[in-house]
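Enquirer: Hey, dropping upload-v5.cif in here, mmCIF, C-alpha atoms:
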```
data_protein
#
loop_
_atom_site.label_atom_id
_atom_site.label_comp_id
_atom_site.auth_asym_id
_atom_site.auth_seq_id
_atom_site.Cartn_x
_atom_site.Cartn_y
_atom_site.Cartn_z
CA MET A 22 44.84 60.30 168.12
CA THR A 23 48.36 61.67 168.11
CA THR A 24 49.05 64.26 170.76
CA PRO A 25 52.35 65.88 171.55
CA VAL A 26 53.56 63.99 174.59
CA CYS A 27 57.02 65.37 175.20
CA THR A 28 56.27 69.00 176.06
CA SER A 29 56.68 68.92 179.83
CA ALA A 30 59.33 66.20 179.80
CA SER A 31 61.44 67.90 177.12
CA ASP A 32 61.22 71.18 179.05
CA ALA A 33 62.40 69.35 182.16
CA ALA A 34 65.24 67.67 180.27
CA THR A 35 66.35 71.01 178.83
CA SER A 36 66.41 72.61 182.26
CA ALA A 37 68.30 69.60 183.66
CA ARG A 38 70.92 69.91 180.92
CA GLN A 39 71.30 73.60 181.73
CA THR A 40 71.62 72.90 185.45
CA PHE A 41 73.95 69.88 185.06
CA PRO A 42 75.64 70.38 181.68
CA ASN A 43 78.13 67.52 182.12
CA ALA A 44 75.75 65.13 183.88
CA THR A 45 75.64 61.80 182.09
CA TYR A 46 74.50 58.62 183.71
CA PRO A 47 76.06 55.44 182.28
CA SER A 48 73.81 53.41 184.57
CA PHE A 49 70.76 55.06 182.98
CA THR A 50 72.01 54.15 179.50
CA SER A 51 72.56 50.54 180.47
CA TYR A 52 69.16 50.41 182.18
CA VAL A 53 67.40 51.70 179.06
CA ARG A 54 69.23 49.24 176.80
CA ALA A 55 68.35 46.32 179.05
CA ARG A 56 64.72 47.17 179.85
CA GLN A 57 63.48 49.01 176.76
CA PRO A 58 61.65 46.03 175.13
CA VAL A 59 59.75 45.27 178.34
CA LEU A 60 58.87 48.92 178.93
CA LEU A 61 57.81 49.35 175.31
CA ARG A 62 55.36 46.45 175.71
CA THR A 63 53.91 48.23 178.74
CA ALA A 64 53.59 51.47 176.75
CA ARG A 65 51.89 49.61 173.88
CA SER A 66 49.33 48.25 176.29
CA LEU A 67 48.42 51.83 177.19
CA THR A 68 47.95 53.12 173.62
CA ALA A 69 46.48 51.75 170.44
CA ASN A 70 49.10 53.22 168.12
CA PRO A 71 52.69 51.81 168.21
CA SER A 72 54.14 55.23 167.35
CA ASP A 73 52.27 56.81 170.26
CA ALA A 74 53.62 54.05 172.52
CA GLU A 75 57.19 54.88 171.50
CA ASP A 76 56.56 58.58 172.18
CA LEU A 77 55.01 57.73 175.53
CA LEU A 78 58.00 55.60 176.53
CA GLN A 79 60.42 58.30 175.43
CA THR A 80 58.59 60.86 177.56
CA ALA A 81 58.60 58.56 180.60
CA LEU A 82 62.30 57.83 180.16
CA THR A 83 63.01 61.55 179.88
CA LYS A 84 61.20 62.12 183.16
CA THR A 85 63.18 59.27 184.69
CA TYR A 86 66.46 60.72 183.42
CA VAL A 87 65.63 64.10 184.97
CA ALA A 88 64.93 62.43 188.33
CA TRP A 89 67.82 59.91 188.13
CA GLU A 90 69.78 61.41 191.02
CA ARG A 91 66.70 61.59 193.25
CA ILE A 92 65.78 57.92 192.79
CA GLU A 93 67.20 56.20 195.86
CA ASP A 94 66.42 52.57 195.11
CA HIS A 95 67.51 51.71 191.59
CA ARG A 96 66.06 48.21 192.03
CA ALA A 97 62.59 49.81 191.77
CA LEU A 98 63.26 51.61 188.49
CA ASP A 99 60.71 49.57 186.52
CA GLY A 100 57.98 50.65 188.91
CA TYR A 101 59.09 54.28 188.64
CA VAL A 102 59.08 54.19 184.82
CA ARG A 103 55.74 52.36 184.70
CA ARG A 104 54.23 54.98 187.00
CA ALA A 105 55.67 57.71 184.73
CA LEU A 106 54.12 55.94 181.71
CA LEU A 107 50.74 55.72 183.38
CA ASN A 108 50.77 59.31 184.67
CA THR A 109 51.84 60.67 181.27
CA ARG A 110 49.13 58.68 179.47
CA THR A 111 46.52 59.84 181.97
CA SER A 112 47.58 63.46 181.42
CA GLN A 113 47.29 62.99 177.65
CA TRP A 114 43.86 61.48 178.04
CA ARG A 115 42.68 64.38 180.20
CA LYS A 116 44.06 66.98 177.79
CA ARG A 117 42.68 65.39 174.64
CA LYS A 118 40.63 67.59 172.38
CA VAL A 119 37.04 66.55 171.82
CA ASP A 120 35.98 67.08 168.22
CA GLU A 121 32.29 67.87 168.53
CA PHE A 122 30.66 70.53 166.45
CA ALA A 123 27.17 71.97 166.76
CA CYS A 124 25.24 71.98 163.51
CA ASP A 125 21.92 73.32 162.34
CA GLU A 126 20.73 70.05 160.80
CA LEU A 127 20.79 66.59 162.26
CA PRO A 128 22.44 64.01 160.02
CA GLU A 129 20.12 61.58 158.33
CA PRO A 130 19.93 58.24 160.15
CA GLU A 131 21.06 55.15 158.30
CA PRO A 132 18.13 53.38 156.70
CA VAL A 133 17.07 50.40 158.75
CA PRO A 134 16.57 47.33 156.58
CA SER A 135 12.93 46.33 156.68
CA GLN A 136 11.79 42.87 157.55
CA ASP A 137 10.48 42.31 154.03
CA ASP A 138 13.88 43.20 152.47
CA ASP A 139 14.40 39.62 151.40
CA PRO A 140 17.28 38.93 148.96
CA ALA A 141 15.10 36.43 147.11
CA GLU A 142 12.41 39.08 146.59
CA ARG A 143 15.01 41.57 145.36
CA GLN A 144 16.30 38.99 142.88
CA ALA A 145 12.75 38.25 141.72
CA LEU A 146 12.17 41.97 141.16
CA HIS A 147 15.47 42.25 139.30
CA ASP A 148 14.55 39.32 137.03
CA ALA A 149 11.06 40.69 136.39
CA MET A 150 12.52 44.09 135.49
CA TRP A 151 14.93 42.57 133.00
CA ARG A 152 12.16 40.49 131.39
CA ALA A 153 10.06 43.65 131.04
CA ILE A 154 13.00 45.57 129.55
CA MET A 155 13.63 42.73 127.08
CA ARG A 156 10.00 43.08 125.87
CA LEU A 157 10.65 46.72 124.86
CA PRO A 158 11.52 47.53 121.24
CA ALA A 159 15.30 47.39 120.61
CA ARG A 160 15.76 51.16 120.34
CA GLN A 161 13.85 51.94 123.54
CA ARG A 162 15.60 49.09 125.34
CA ALA A 163 19.01 50.49 124.34
CA MET A 164 18.08 53.97 125.55
CA VAL A 165 16.73 52.74 128.90
CA VAL A 166 19.80 50.59 129.52
CA LEU A 167 22.19 53.42 128.63
CA ARG A 168 20.29 56.00 130.71
CA TYR A 169 19.53 54.01 133.85
CA TYR A 170 21.87 51.03 133.97
CA GLU A 171 24.97 52.66 132.46
CA ASP A 172 24.07 56.02 134.07
CA LEU A 173 24.73 58.09 130.94
CA SER A 174 23.20 61.53 130.53
CA GLU A 175 20.66 62.23 127.79
CA VAL A 176 23.35 63.98 125.73
CA GLN A 177 25.78 61.06 126.12
CA THR A 178 23.04 58.56 125.22
CA ALA A 179 22.19 60.58 122.11
CA GLU A 180 25.85 60.66 121.07
CA VAL A 181 26.28 56.89 121.56
CA LEU A 182 23.17 56.07 119.53
CA GLY A 183 23.65 58.84 116.94
CA VAL A 184 20.24 60.45 117.54
CA SER A 185 19.07 63.80 118.88
CA VAL A 186 18.57 64.53 122.57
CA GLY A 187 14.84 65.04 121.96
CA THR A 188 14.59 61.56 120.47
CA VAL A 189 16.22 60.11 123.57
CA LYS A 190 13.83 62.02 125.86
CA SER A 191 10.70 60.94 124.03
CA ALA A 192 11.79 57.31 123.55
CA VAL A 193 12.78 56.93 127.20
CA SER A 194 9.50 58.50 128.29
CA ARG A 195 7.50 56.03 126.17
CA ALA A 196 9.62 53.11 127.43
CA LEU A 197 9.06 54.08 131.08
CA GLY A 198 5.32 54.31 130.39
CA LYS A 199 5.35 50.76 129.01
CA LEU A 200 7.32 49.54 132.01
CA ARG A 201 4.79 51.13 134.39
CA GLU A 202 1.98 49.30 132.61
CA ASP A 203 3.79 45.94 132.46
CA PRO A 204 1.58 43.36 134.23
CA GLU A 205 4.52 41.37 135.61
CA LEU A 206 5.94 44.48 137.32
CA GLY A 207 2.47 45.41 138.60
CA LEU A 208 2.44 42.26 140.76
CA VAL A 209 5.73 43.20 142.39
CA ARG A 210 4.61 46.68 143.42
#
```
How would this structure read if it were set down as structure tokens?

Expert:
Amino acid sequence: MTTPVCTSASDAATSARQTFPNATYPSFTSYVRARQPVLLRTARSLTANPSDAEDLLQTALTKTYVAWERIEDHRALDGYVRRALLNTRTSQWRKRKVDEFACDELPEPEPVPSQDDDPAERQALHDAMWRAIMRLPARQRAMVVLRYYEDLSEVQTAEVLGVSVGTVKSAVSRALGKLREDPELGLVR
């Protein structure tokens, strides 16, 4: 989740630049150069996304820059910046948008695998199906394979085999009837 994090801090920095147009703090620059890797690790521990961590640190450093003159003990700067990181992240968390939408229909639940969904049984069914298909006449077998295993439409199957669509429909219908009556597949049902 990427949220704009610099709104209040950038507003504060803009107003600080307007109030103190020539205010630059060399000690702040040296502090940031020296402590940035450590502070960035702290920011990364607060967010999952490294880019969000960089934005978070930038916001906290902006807040620190604005308050630089008010900070009396510069030995406690790490604590000040860490507190700014934590407060900024907490504010982001509180302001986050929840993406929930009411809908008329409930989504279908994921099918729960049954206890008898044994891979060995599925393989046995697969093998029995192929043996039954191999017992079909060659033309019907070709049409069933093209229609159901290759997922071609009736028109595409007719074009591949060079027959009419009606021939495909009737041959596939007869083939499915034979498969329904196959004794080996009857045991599996």

Enquirer: Evaluated on this file, the PyMOL selection byres ((chain A and resi 187-195) around 10) picks out some residues - which ones are they, written as a list in words?

Expert: Leu157, Arg160, Gln161, Arg162, Ala163, Met164, Val165, Val166, Arg168, Tyr169, Ser174, Glu175, Val176, Gln177, Thr178, Ala179, Glu180, Leu182, Val184, Ser185, Val186, Ala196, Leu197, Gly198, Lys199, Leu200 and Arg201 of chain A

Enquirer: What is the distance between CA of Asp139 in chain A and CA of Arg152 in chain A, in Å to one decimal?

Expert: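 Pair CA of Asp139 in chain A / CA of Arg152 in chain A returns 20.2 Å.
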
Enquirer: Would you mind telling me which residue in A:Ala153, A:Gly183, A:Ser48, A:Ala145 lies nearest to Arg96 in chain A when using all atoms listed in the file?

Expert: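 Of A:Ala153, A:Gly183, A:Ser48, A:Ala145, the one nearest Arg96 in chain A is A:Ser48, counting all atoms listed in the file.
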
Enquirer: Carefully work through the PyMOL selection byres ((chain A and resi 102) around 9) for this structure and note down the residues it includes, as a list of chain:residue names.

Expert: A:Leu60, A:Leu78, A:Ala81, A:Leu82, A:Lys84, A:Thr85, A:Ala97, A:Leu98, A:Asp99, A:Gly100, A:Tyr101, A:Arg103, A:Arg104, A:Ala105, A:Leu106, A:Leu107

Enquirer: Do a neighbour search on Leu146 in chain A at 10 Å with only C-alpha atoms, toss out local chain neighbours closer than 2 positions, and write the hits as a CSV table (one decimal) with C-alpha atoms, in the frame of the given file.

Expert:
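Contents of selection11.csv, freshly written:
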```csv
chain,number,residue,atom,x,y,z
A,140,PRO,CA,17.3,38.9,149.0
A,141,ALA,CA,15.1,36.4,147.1
A,142,GLU,CA,12.4,39.1,146.6
A,143,ARG,CA,15.0,41.6,145.4
A,144,GLN,CA,16.3,39.0,142.9
A,148,ASP,CA,14.6,39.3,137.0
A,149,ALA,CA,11.1,40.7,136.4
A,150,MET,CA,12.5,44.1,135.5
A,151,TRP,CA,14.9,42.6,133.0
A,152,ARG,CA,12.2,40.5,131.4
A,205,GLU,CA,4.5,41.4,135.6
A,206,LEU,CA,5.9,44.5,137.3
A,208,LEU,CA,2.4,42.3,140.8
A,209,VAL,CA,5.7,43.2,142.4
A,210,ARG,CA,4.6,46.7,143.4
```

Enquirer: Just give me the gap between CA of Asn108 in chain A and CA of Ala69 in chain A in Å, one decimal is fine.

Expert: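 Atom-to-atom, CA of Asn108 in chain A and CA of Ala69 in chain A are spaced 16.7 Å apart.
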
Enquirer: What does the distance from CA of Phe49 in chain A to CA of Trp89 in chain A come to in Å, to one decimal?

Expert: 7.7 Å

Enquirer: For the PyMOL selection byres ((chain A and resi 61) around 12), applied here, can you spell out every residue it catches as an NGL selection string?

Expert: :A and (53-60 or 62-68 or 70-82 or 99 or 102-103 or 106)

Enquirer: Quick one: what's the axis-aligned box for range 85-92 of chain A, all listed atoms, 8 Å on every side, centre and edges in Å to one decimal, as JSON?

Expert:
```
{"center_x": 66.5, "center_y": 61.0, "center_z": 188.3, "size_x": 22.6, "size_y": 22.2, "size_z": 25.8}
```
